[in-house]
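Structure data (compact mmCIF, C-alpha atoms) from model_39.txt:
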# COMPACT_ATOMS: atom_id res chain seq x y z
CA MET A 1 0.00 0.00 0.00
CA SER A 2 1.31 3.46 -0.86
CA LEU A 3 1.51 6.18 1.78
CA LEU A 4 -1.35 7.98 0.03
CA GLY A 5 -3.35 4.76 0.01
CA PHE A 6 -2.69 4.36 3.73
CA CYS A 7 -3.88 7.93 4.35
CA GLN A 8 -7.02 7.27 2.31
CA TRP A 9 -7.67 4.16 4.40
CA LEU A 10 -7.08 6.15 7.61
CA ALA A 11 -9.57 8.77 6.43
CA SER A 12 -12.21 6.09 5.92
CA THR A 13 -12.00 4.78 9.50
CA PRO A 14 -14.98 5.75 11.69
CA TRP A 15 -12.88 7.50 14.35
CA SER A 16 -11.20 9.70 11.78
CA ILE A 17 -14.57 10.76 10.39
CA ALA A 18 -15.94 11.32 13.90
CA LEU A 19 -12.97 13.53 14.84
CA HIS A 20 -13.14 15.39 11.54
CA GLU A 21 -16.83 16.14 11.88
CA SER A 22 -16.97 16.78 15.62
CA LEU A 23 -18.05 20.26 16.69
CA TYR A 24 -15.90 20.50 19.81
CA MET A 25 -13.41 17.63 19.81
CA TYR A 26 -11.31 18.85 16.87
CA PRO A 27 -10.97 22.46 18.11
CA LEU A 28 -10.24 21.08 21.59
CA VAL A 29 -7.44 18.82 20.34
CA GLU A 30 -6.07 21.70 18.27
CA SER A 31 -6.13 24.00 21.32
CA VAL A 32 -4.27 21.40 23.38
CA HIS A 33 -1.71 21.15 20.56
CA VAL A 34 -1.19 24.92 20.38
CA LEU A 35 -1.22 25.63 24.11
CA THR A 36 1.20 22.80 24.94
CA LEU A 37 3.63 24.76 22.77
CA THR A 38 4.19 26.95 25.84
CA VAL A 39 5.26 23.94 27.92
CA PHE A 40 7.29 22.02 25.35
CA LEU A 41 8.79 24.76 23.22
CA GLY A 42 8.84 27.29 26.05
CA THR A 43 11.16 25.08 28.09
CA ALA A 44 13.14 24.00 25.00
CA VAL A 45 13.71 27.66 24.10
CA MET A 46 14.96 28.39 27.63
CA LEU A 47 17.45 25.50 27.35
CA ASP A 48 18.60 26.68 23.91
CA LEU A 49 19.02 30.22 25.25
CA ARG A 50 21.08 28.83 28.15
CA LEU A 51 23.29 27.03 25.61
CA LEU A 52 23.72 30.38 23.84
CA GLY A 53 24.61 32.04 27.16
CA LEU A 54 21.55 34.29 27.00
CA THR A 55 19.61 33.26 30.10
CA LEU A 56 19.98 31.43 33.45
CA ARG A 57 23.71 32.12 33.18
CA LYS A 58 24.43 31.27 36.81
CA VAL A 59 22.69 27.89 36.65
CA ASP A 60 24.71 24.77 35.65
CA VAL A 61 23.86 23.63 32.13
CA GLU A 62 23.38 20.13 33.55
CA GLU A 63 20.86 21.42 36.05
CA VAL A 64 18.96 23.35 33.38
CA VAL A 65 18.75 20.16 31.30
CA ALA A 66 17.75 18.03 34.31
CA ARG A 67 15.08 20.46 35.55
CA LEU A 68 13.56 21.27 32.19
CA ALA A 69 13.74 17.77 30.65
CA PRO A 70 10.59 16.43 32.37
CA TRP A 71 8.57 19.41 31.07
CA MET A 72 10.09 19.12 27.61
CA ILE A 73 9.48 15.37 27.40
CA GLY A 74 5.99 15.59 28.88
CA GLY A 75 5.15 18.51 26.61
CA PHE A 76 6.52 16.69 23.58
CA VAL A 77 4.43 13.59 24.29
CA VAL A 78 1.28 15.74 24.45
CA MET A 79 2.33 17.67 21.31
CA PHE A 80 2.99 14.45 19.41
CA ALA A 81 -0.21 12.73 20.53
CA SER A 82 -2.43 15.75 19.80
CA GLY A 83 -0.59 16.33 16.51
CA ALA A 84 -1.14 12.70 15.52
CA MET A 85 -4.86 13.12 16.29
CA LEU A 86 -5.03 16.25 14.13
CA PHE A 87 -3.38 14.30 11.30
CA TYR A 88 -5.70 11.35 11.87
CA ALA A 89 -8.73 13.67 11.56
CA ILE A 90 -7.64 14.95 8.12
CA PRO A 91 -5.10 12.41 6.78
CA VAL A 92 -5.17 12.88 3.01
CA ARG A 93 -5.21 16.67 2.99
CA SER A 94 -2.42 16.80 5.59
CA PHE A 95 -0.30 14.27 3.73
CA GLN A 96 -0.60 16.29 0.53
CA ASN A 97 -0.04 19.63 2.27
CA VAL A 98 3.10 21.54 1.26
CA PHE A 99 3.69 22.88 4.78
CA PHE A 100 3.01 19.57 6.50
CA ARG A 101 5.80 18.00 4.45
CA PHE A 102 8.19 20.82 5.37
CA LYS A 103 7.20 20.44 9.01
CA VAL A 104 7.97 16.70 9.05
CA ILE A 105 11.40 17.32 7.51
CA PHE A 106 12.21 20.11 10.01
CA LEU A 107 11.04 17.84 12.86
CA VAL A 108 13.41 15.10 11.74
CA LEU A 109 16.26 17.64 11.47
CA ALA A 110 15.46 18.99 14.96
CA GLY A 111 15.57 15.40 16.25
CA ILE A 112 18.96 14.78 14.61
CA ASN A 113 20.28 18.07 16.04
CA ALA A 114 19.15 17.12 19.55
CA TRP A 115 20.66 13.65 19.19
CA LEU A 116 23.98 15.05 17.92
CA PHE A 117 24.07 17.48 20.84
CA HIS A 118 23.44 14.78 23.43
CA SER A 119 25.83 12.22 21.95
CA GLY A 120 28.46 14.88 21.17
CA ILE A 121 29.41 18.02 23.09
CA TYR A 122 26.99 17.32 25.95
CA GLN A 123 29.09 14.26 26.91
CA THR A 124 31.78 16.69 28.11
CA VAL A 125 29.31 18.99 29.93
CA LYS A 126 31.19 18.59 33.24
CA LYS A 127 34.01 20.67 31.76
CA TRP A 128 31.83 23.64 30.75
CA ASN A 129 28.90 23.23 33.12
CA LEU A 130 29.37 26.60 34.75
CA ASP A 131 30.58 28.57 31.72
CA ARG A 132 28.35 31.59 31.30
CA VAL A 133 28.76 31.14 27.56
CA PRO A 134 29.14 27.44 26.62
CA PRO A 135 31.56 26.19 23.91
CA LYS A 136 30.88 26.82 20.24
CA ARG A 137 29.43 23.41 19.43
CA ALA A 138 26.89 23.75 22.23
CA ARG A 139 25.99 27.27 21.08
CA MET A 140 25.55 25.98 17.53
CA ALA A 141 23.23 23.20 18.74
CA GLY A 142 21.14 25.78 20.62
CA LEU A 143 20.97 28.15 17.66
CA ILE A 144 20.08 25.42 15.13
CA SER A 145 17.39 24.15 17.49
CA LEU A 146 15.86 27.64 17.84
CA VAL A 147 15.83 28.18 14.06
CA LEU A 148 14.40 24.73 13.27
CA TRP A 149 11.66 25.01 15.89
CA ALA A 150 10.72 28.47 14.61
CA PHE A 151 10.34 26.94 11.12
CA ILE A 152 8.33 24.05 12.60
CA VAL A 153 5.92 26.46 14.31
CA ILE A 154 5.54 28.60 11.17
CA ALA A 155 5.08 25.57 8.89
CA GLY A 156 2.62 24.09 11.38
CA ARG A 157 0.54 27.26 11.48
CA MET A 158 0.52 27.45 7.66
CA ILE A 159 -0.92 23.92 7.30
CA ALA A 160 -4.29 25.49 8.09
CA TYR A 161 -4.17 27.62 4.93
CA ASN A 162 -5.31 26.06 1.67
CA TRP A 163 -3.28 28.19 -0.80
CA PHE A 164 -1.45 25.17 -2.21
CA ASP A 165 -4.08 22.46 -1.72
CA CYS A 166 -4.38 19.81 -4.43
CA ASP A 167 -8.00 20.72 -5.17
CA ILE A 168 -7.01 24.31 -5.92
CA GLN A 169 -5.51 24.19 -9.40
CA PRO A 170 -3.64 25.27 -11.40
CA GLN A 171 -0.57 25.28 -9.15
CA PRO A 172 3.05 25.58 -10.23
CA ALA A 173 4.48 22.17 -11.19
CA ILE A 174 6.95 22.27 -8.31
CA VAL A 175 4.08 22.69 -5.79
CA ASN A 176 2.21 19.70 -7.23
CA TRP A 177 5.41 17.67 -7.19
CA TRP A 178 6.27 18.59 -3.58
CA SER A 179 2.76 17.95 -2.29
CA GLY A 180 2.34 14.78 -4.34
CA CYS A 181 -0.86 16.04 -5.93
CA ILE A 182 -2.37 13.87 -8.62
CA VAL A 183 -3.58 16.40 -11.16
CA GLU A 184 -6.06 15.22 -13.75
CA ASN A 185 -6.87 17.03 -17.01
CA ARG A 186 -3.58 18.86 -17.14
CA GLN A 187 -3.92 21.85 -19.45
CA MET B 1 -21.79 54.22 25.64
CA THR B 2 -20.90 51.60 23.09
CA MET B 3 -17.47 50.69 21.82
CA LEU B 4 -18.86 49.84 18.39
CA PRO B 5 -17.68 53.00 16.56
CA PHE B 6 -14.14 52.42 17.87
CA PHE B 7 -14.10 48.82 16.63
CA GLU B 8 -15.49 49.96 13.28
CA TRP B 9 -12.81 52.63 13.02
CA CYS B 10 -10.09 50.05 13.81
CA GLU B 11 -10.99 48.07 10.73
CA THR B 12 -10.75 51.15 8.51
CA THR B 13 -7.14 51.94 9.49
CA ALA B 14 -4.36 51.62 6.94
CA ILE B 15 -2.77 48.70 8.81
CA ALA B 16 -6.09 46.84 8.84
CA SER B 17 -6.63 47.30 5.08
CA ALA B 18 -3.05 46.32 4.29
CA ILE B 19 -3.44 43.05 6.24
CA LYS B 20 -6.88 42.33 4.78
CA ASN B 21 -5.71 42.95 1.23
CA SER B 22 -2.72 40.64 1.53
CA PRO B 23 -3.25 36.89 1.11
CA TRP B 24 -0.44 35.99 3.48
CA ALA B 25 0.09 38.92 5.92
CA PHE B 26 -2.33 37.60 8.54
CA ALA B 27 -0.77 34.13 8.41
CA VAL B 28 2.74 35.51 8.84
CA ILE B 29 1.75 37.82 11.72
CA GLU B 30 -0.08 34.92 13.34
CA SER B 31 3.05 32.75 13.09
CA PHE B 32 5.11 35.36 14.91
CA HIS B 33 2.34 35.62 17.50
CA LEU B 34 2.79 31.84 18.04
CA LEU B 35 6.59 32.12 18.28
CA GLY B 36 6.06 34.80 20.92
CA LEU B 37 3.70 32.41 22.69
CA ALA B 38 6.41 29.77 22.95
CA VAL B 39 8.93 32.21 24.44
CA ILE B 40 6.50 33.88 26.84
CA GLY B 41 5.35 30.40 27.87
CA GLY B 42 8.92 29.44 28.73
CA ALA B 43 9.64 32.69 30.58
CA VAL B 44 6.43 32.54 32.62
CA LEU B 45 6.85 28.81 33.32
CA ILE B 46 10.40 28.80 34.66
CA VAL B 47 9.70 31.57 37.16
CA ASN B 48 6.47 29.98 38.35
CA LEU B 49 8.00 26.48 38.45
CA ARG B 50 10.68 27.96 40.69
CA LEU B 51 8.04 29.56 42.92
CA LEU B 52 6.23 26.22 43.11
CA GLY B 53 9.50 24.54 44.08
CA LEU B 54 9.41 22.33 40.98
CA ALA B 55 12.60 23.56 39.30
CA PHE B 56 15.90 25.32 40.10
CA ARG B 57 15.46 25.06 43.87
CA SER B 58 19.17 25.67 44.38
CA GLN B 59 18.90 29.14 42.82
CA PRO B 60 17.21 32.14 44.44
CA VAL B 61 13.82 33.08 42.98
CA SER B 62 15.09 36.60 42.26
CA GLU B 63 17.95 35.20 40.15
CA ILE B 64 15.63 33.09 37.95
CA ALA B 65 13.19 36.01 37.66
CA HIS B 66 15.98 38.41 36.71
CA GLU B 67 17.24 36.06 33.97
CA ALA B 68 13.75 35.42 32.59
CA GLN B 69 12.65 39.09 32.68
CA PRO B 70 14.14 40.31 29.35
CA TRP B 71 12.64 37.31 27.52
CA PHE B 72 9.29 37.89 29.15
CA VAL B 73 9.24 41.59 28.28
CA GLY B 74 10.58 40.93 24.76
CA SER B 75 8.06 38.21 23.94
CA LEU B 76 5.21 40.21 25.50
CA THR B 77 6.13 43.11 23.20
CA VAL B 78 6.08 40.81 20.15
CA MET B 79 2.75 39.34 21.24
CA LEU B 80 1.16 42.76 21.83
CA THR B 81 2.42 44.17 18.51
CA THR B 82 1.33 41.19 16.42
CA GLY B 83 -1.87 40.89 18.48
CA VAL B 84 -2.86 44.51 17.85
CA ALA B 85 -2.16 44.10 14.12
CA MET B 86 -4.37 40.98 13.92
CA PHE B 87 -7.06 42.69 16.00
CA LEU B 88 -7.16 45.74 13.69
CA SER B 89 -7.67 43.51 10.64
CA GLU B 90 -10.66 41.73 12.18
CA ALA B 91 -11.94 44.19 14.78
CA MET B 92 -15.61 43.56 13.97
CA LYS B 93 -15.22 39.81 14.40
CA CYS B 94 -13.57 40.53 17.77
CA TYR B 95 -16.39 42.90 18.74
CA TYR B 96 -18.88 40.05 18.48
CA SER B 97 -16.54 37.39 19.92
CA GLU B 98 -17.03 36.39 23.56
CA SER B 99 -13.61 34.73 23.52
CA PHE B 100 -12.06 38.07 22.62
CA SER B 101 -13.69 39.79 25.63
CA VAL B 102 -12.54 36.99 27.91
CA LYS B 103 -9.03 37.27 26.50
CA MET B 104 -8.84 41.06 26.95
CA VAL B 105 -10.07 40.92 30.55
CA SER B 106 -7.72 38.08 31.49
CA LEU B 107 -4.85 39.81 29.67
CA MET B 108 -5.38 43.03 31.67
CA LEU B 109 -5.51 41.03 34.90
CA ALA B 110 -2.44 38.96 33.94
CA ILE B 111 -0.35 42.02 33.07
CA VAL B 112 -1.38 43.97 36.19
CA PHE B 113 -0.83 40.92 38.40
CA THR B 114 2.57 40.18 36.84
CA PHE B 115 3.94 43.70 37.24
CA THR B 116 2.56 44.26 40.77
CA ILE B 117 2.01 41.33 43.15
CA HIS B 118 4.03 38.76 41.18
CA ARG B 119 6.92 41.16 40.52
CA ARG B 120 7.17 42.32 44.14
CA LEU B 121 7.23 38.71 45.30
CA VAL B 122 9.95 37.48 42.93
CA ILE B 123 12.35 40.34 43.67
CA ALA B 124 11.83 40.15 47.45
CA GLU B 125 14.40 38.73 49.84
CA GLU B 126 14.15 34.96 50.09
CA ALA B 127 14.01 34.97 53.89
CA ALA B 128 10.97 37.21 53.93
CA MET B 129 8.90 34.79 51.88
CA ARG B 130 6.25 32.34 52.90
CA PRO B 131 6.13 29.23 50.70
CA HIS B 132 2.34 29.07 50.64
CA ARG B 133 2.12 32.63 49.40
CA GLN B 134 4.74 31.89 46.73
CA LYS B 135 2.81 28.88 45.50
CA LEU B 136 -0.51 30.73 45.48
CA VAL B 137 0.96 33.61 43.47
CA ALA B 138 2.53 31.16 40.99
CA LEU B 139 -0.76 29.30 40.52
CA ILE B 140 -2.70 32.55 39.99
CA SER B 141 -0.11 33.70 37.45
CA LEU B 142 -0.26 30.38 35.56
CA ALA B 143 -4.07 30.36 35.62
CA LEU B 144 -4.29 33.95 34.31
CA TRP B 145 -1.82 33.38 31.46
CA PHE B 146 -3.49 30.07 30.60
CA ALA B 147 -6.84 31.88 30.35
CA VAL B 148 -5.29 34.46 28.01
CA ALA B 149 -3.84 31.76 25.74
CA ALA B 150 -6.91 29.50 25.74
CA ALA B 151 -9.36 32.36 25.06
CA GLY B 152 -6.98 33.62 22.37
CA ARG B 153 -6.99 30.27 20.60
CA TRP B 154 -10.77 30.19 20.83
CA ILE B 155 -11.15 33.54 18.99
CA GLY B 156 -10.11 31.66 15.86
CA PHE B 157 -12.95 29.16 16.25
CA SER B 158 -15.67 31.78 16.74
CA GLY B 159 -17.51 33.48 13.94
Step by step, read the file and then write its structure as structure tokens.
Amino acid sequence: MSLLGFCQWLASTPWSIALHESLYMYPLVESVHVLTLTVFLGTAVMLDLRLLGLTLRKVDVEEVVARLAPWMIGGFVVMFASGAMLFYAIPVRSFQNVFFRFKVIFLVLAGINAWLFHSGIYQTVKKWNLDRVPPKRARMAGLISLVLWAFIVIAGRMIAYNWFDCDIQPQPAIVNWWSGCIVENRQ
Amino acid sequence: MTMLPFFEWCETTAIASAIKNSPWAFAVIESFHLLGLAVIGGAVLIVNLRLLGLAFRSQPVSEIAHEAQPWFVGSLTVMLTTGVAMFLSEAMKCYYSESFSVKMVSLMLAIVFTFTIHRRLVIAEEAAMRPHRQKLVALISLALWFAVAAAGRWIGFSG
């Protein structure tokens, strides 16, 4: 089964239709998704800013990570679960949405960046724990994280707009290619 | 006295027309409003988590508050600027939106509370503080800011 076929199957399941057509459930899930941004990204931003030496300068980097991690992880779980529900409610349109595809790529890159930070420079954190401005590789990780998450938020917000939707044609060829639109009756 | 003429005037301003006539301006402003939300969320959270004794217990409250302050003020400025721009472009929708009224009232309360009671508490000497009072102030602050954010999100679903 192709990914599109899978999305079409998802869209035909009763729970997807129920979520899609619900008067309150969908907006509620979306609100949870947006408001949890404050918990997940809010704490992630504070950690990134600490890595850049821009806040909590007198607190050990290790302590910032340890204290904020539960909120980041908890927030991320809620973000991911509510995001998955939003996708499940509108699978085909999301899958073929230009911004959704950008968002997924940025998310993967943010994940790789976080993994590289933890398996790399963070292993030597004991040496620079109290530095007001951490070493360059840590600063880079913080900066890349901030930029990627800003793109993720912007792309996420843009998913709601239908400018490039498959059912609005004609679109430039590159848009149809990127979103995987199947365009019939090409002129 | 009704506020209606004021709301009507808002939508006739040059900024309002510029946003309404652009296909993407509102979306872009909204995105920056959301980025501001993330930062203000972080700044408000770390101070209140400290007050609740849930994070950074080895640092004084005043230290955490001092470090978070520029990010709070900066993100609040971004949120107010982008918020006003979005409001101007859809002032009439806001006039008839209950969520908007709830948001404005809770926003006033949140700002006043933050710069008076909350502020005085976080810059006070540690020894002079009572933990129960700290926790109560933190919970009120979190509740007020949550109301602002939740009502704000709900404006988009109304009308």
Taking (1.9, 32.3, 43.2) in the file's coordinates as the center, which residues reach within 10 Å of it, counting only C-alpha atoms, put as a PyMOL selection string?
chain B and resi 47-49+51-52+117-118+121-122+131-143
Keeping only C-alpha atoms, write those residues as an mmCIF file, in the frame of the given file.
data_model
loop_
_atom_site.group_PDB
_atom_site.id
_atom_site.type_symbol
_atom_site.label_atom_id
_atom_site.label_comp_id
_atom_site.auth_asym_id
_atom_site.auth_seq_id
_atom_site.Cartn_x
_atom_site.Cartn_y
_atom_site.Cartn_z
ATOM 1 C CA VAL B 47 9.700 31.570 37.160
ATOM 2 C CA ASN B 48 6.470 29.980 38.350
ATOM 3 C CA LEU B 49 8.000 26.480 38.450
ATOM 4 C CA LEU B 51 8.040 29.560 42.920
ATOM 5 C CA LEU B 52 6.230 26.220 43.110
ATOM 6 C CA ILE B 117 2.010 41.330 43.150
ATOM 7 C CA HIS B 118 4.030 38.760 41.180
ATOM 8 C CA LEU B 121 7.230 38.710 45.300
ATOM 9 C CA VAL B 122 9.950 37.480 42.930
ATOM 10 C CA PRO B 131 6.130 29.230 50.700
ATOM 11 C CA HIS B 132 2.340 29.070 50.640
ATOM 12 C CA ARG B 133 2.120 32.630 49.400
ATOM 13 C CA GLN B 134 4.740 31.890 46.730
ATOM 14 C CA LYS B 135 2.810 28.880 45.500
ATOM 15 C CA LEU B 136 -0.510 30.730 45.480
ATOM 16 C CA VAL B 137 0.960 33.610 43.470
ATOM 17 C CA ALA B 138 2.530 31.160 40.990
ATOM 18 C CA LEU B 139 -0.760 29.300 40.520
ATOM 19 C CA ILE B 140 -2.700 32.550 39.990
ATOM 20 C CA SER B 141 -0.110 33.700 37.450
ATOM 21 C CA LEU B 142 -0.260 30.380 35.560
ATOM 22 C CA ALA B 143 -4.070 30.360 35.620
#
What lies within 10 Å of Phe87 of chain A using only C-alpha atoms, ignoring chain neighbours under 5 positions off, as a list in words?
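Here the answer would be Cys7, Leu10, Ala11, Ser16, His20, Ala81, Ser82, Val92, Arg93, Ser94, Phe95 and Phe100 of chain A.
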Resulting file, chosen residues, C-alpha atoms, as a compact mmCIF listing (two decimals), in the coordinates of the input:
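This went into result18.txt:
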# COMPACT_ATOMS: atom_id res chain seq x y z
CA CYS A 7 -3.88 7.93 4.35
CA LEU A 10 -7.08 6.15 7.61
CA ALA A 11 -9.57 8.77 6.43
CA SER A 16 -11.20 9.70 11.78
CA HIS A 20 -13.14 15.39 11.54
CA ALA A 81 -0.21 12.73 20.53
CA SER A 82 -2.43 15.75 19.80
CA VAL A 92 -5.17 12.88 3.01
CA ARG A 93 -5.21 16.67 2.99
CA SER A 94 -2.42 16.80 5.59
CA PHE A 95 -0.30 14.27 3.73
CA PHE A 100 3.01 19.57 6.50
Who sits within 12 Å of Val125 of chain A, all atoms listed in the file, same chain under 6 positions skipped, as a PyMOL selection string:
chain A and resi 51+60-65+117-119+131+134-135+137-138
Within 9 Å of chain A: each chain B residue with its shortest pair, all atoms listed in the file, as JSON lines:
{"residue": "B:Pro23", "atom": "CA", "partner": "A:Trp163", "partner_atom": "CA", "distance": 8.9}
{"residue": "B:Ala27", "atom": "CA", "partner": "A:Met158", "partner_atom": "CA", "distance": 6.8}
{"residue": "B:Val28", "atom": "CA", "partner": "A:Ile154", "partner_atom": "CA", "distance": 7.8}
{"residue": "B:Glu30", "atom": "CA", "partner": "A:Arg157", "partner_atom": "CA", "distance": 7.9}
{"residue": "B:Ser31", "atom": "CA", "partner": "A:Ile154", "partner_atom": "CA", "distance": 5.2}
{"residue": "B:Phe32", "atom": "CA", "partner": "A:Ile154", "partner_atom": "CA", "distance": 7.7}
{"residue": "B:Leu34", "atom": "CA", "partner": "A:Val153", "partner_atom": "CA", "distance": 7.3}
{"residue": "B:Leu35", "atom": "CA", "partner": "A:Ala150", "partner_atom": "CA", "distance": 6.6}
{"residue": "B:Leu37", "atom": "CA", "partner": "A:Thr38", "partner_atom": "CA", "distance": 6.3}
{"residue": "B:Ala38", "atom": "CA", "partner": "A:Thr38", "partner_atom": "CA", "distance": 4.6}
{"residue": "B:Val39", "atom": "CA", "partner": "A:Gly42", "partner_atom": "CA", "distance": 5.2}
{"residue": "B:Ile40", "atom": "CA", "partner": "A:Gly42", "partner_atom": "CA", "distance": 7.0}
{"residue": "B:Gly41", "atom": "CA", "partner": "A:Thr38", "partner_atom": "CA", "distance": 4.2}
{"residue": "B:Gly42", "atom": "CA", "partner": "A:Gly42", "partner_atom": "CA", "distance": 3.4}
{"residue": "B:Ala43", "atom": "CA", "partner": "A:Gly42", "partner_atom": "CA", "distance": 7.1}
{"residue": "B:Val44", "atom": "CA", "partner": "A:Gly42", "partner_atom": "CA", "distance": 8.7}
{"residue": "B:Leu45", "atom": "CA", "partner": "A:Val39", "partner_atom": "CA", "distance": 7.4}
{"residue": "B:Ile46", "atom": "CA", "partner": "A:Thr43", "partner_atom": "CA", "distance": 7.6}
{"residue": "B:Leu54", "atom": "CA", "partner": "A:Arg67", "partner_atom": "CA", "distance": 8.1}
{"residue": "B:Ala55", "atom": "CA", "partner": "A:Arg67", "partner_atom": "CA", "distance": 5.5}
{"residue": "B:Phe56", "atom": "CA", "partner": "A:Arg67", "partner_atom": "CA", "distance": 6.7}
{"residue": "B:Ser58", "atom": "CA", "partner": "A:Val59", "partner_atom": "CA", "distance": 8.8}
{"residue": "B:Gln59", "atom": "CA", "partner": "A:Val59", "partner_atom": "CA", "distance": 7.3}
{"residue": "B:Glu63", "atom": "CA", "partner": "A:Leu56", "partner_atom": "CA", "distance": 8.0}
{"residue": "B:Ile64", "atom": "CA", "partner": "A:Leu56", "partner_atom": "CA", "distance": 6.5}
{"residue": "B:His66", "atom": "CA", "partner": "A:Leu56", "partner_atom": "CA", "distance": 8.7}
{"residue": "B:Glu67", "atom": "CA", "partner": "A:Thr55", "partner_atom": "CA", "distance": 5.3}
{"residue": "B:Ala68", "atom": "CA", "partner": "A:Thr55", "partner_atom": "CA", "distance": 6.7}
{"residue": "B:Pro70", "atom": "CA", "partner": "A:Thr55", "partner_atom": "CA", "distance": 9.0}
{"residue": "B:Trp71", "atom": "CA", "partner": "A:Thr55", "partner_atom": "CA", "distance": 8.5}
{"residue": "B:Phe146", "atom": "CA", "partner": "A:Leu35", "partner_atom": "CA", "distance": 8.2}
{"residue": "B:Ala149", "atom": "CA", "partner": "A:Leu35", "partner_atom": "CA", "distance": 6.9}
{"residue": "B:Ala150", "atom": "CA", "partner": "A:Leu35", "partner_atom": "CA", "distance": 7.1}
{"residue": "B:Arg153", "atom": "CA", "partner": "A:Ser31", "partner_atom": "CA", "distance": 6.4}
{"residue": "B:Trp154", "atom": "CA", "partner": "A:Ser31", "partner_atom": "CA", "distance": 7.8}
{"residue": "B:Phe157", "atom": "CA", "partner": "A:Pro27", "partner_atom": "CA", "distance": 7.2}
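The spacing separating atom CA of Val98 of chain A from atom CA of Phe80 of chain A amounts to 19.5 Å.
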Which residue gives the smallest distance to Leu146 of chain A among A:Met85, A:Leu52, A:Val77, A:Met25, with all atoms listed in the file counted?
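Comparing A:Met85, A:Leu52, A:Val77, A:Met25 against Leu146 of chain A, the winner is A:Leu52.
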Can we get segment 10-21 of chain A of that structure written down with C-alpha atoms, as a compact mmCIF listing (two decimals), in the first residue's frame?
# COMPACT_ATOMS: atom_id res chain seq x y z
CA LEU A 10 -7.08 6.15 7.61
CA ALA A 11 -9.57 8.77 6.43
CA SER A 12 -12.21 6.09 5.92
CA THR A 13 -12.00 4.78 9.50
CA PRO A 14 -14.98 5.75 11.69
CA TRP A 15 -12.88 7.50 14.35
CA SER A 16 -11.20 9.70 11.78
CA ILE A 17 -14.57 10.76 10.39
CA ALA A 18 -15.94 11.32 13.90
CA LEU A 19 -12.97 13.53 14.84
CA HIS A 20 -13.14 15.39 11.54
CA GLU A 21 -16.83 16.14 11.88
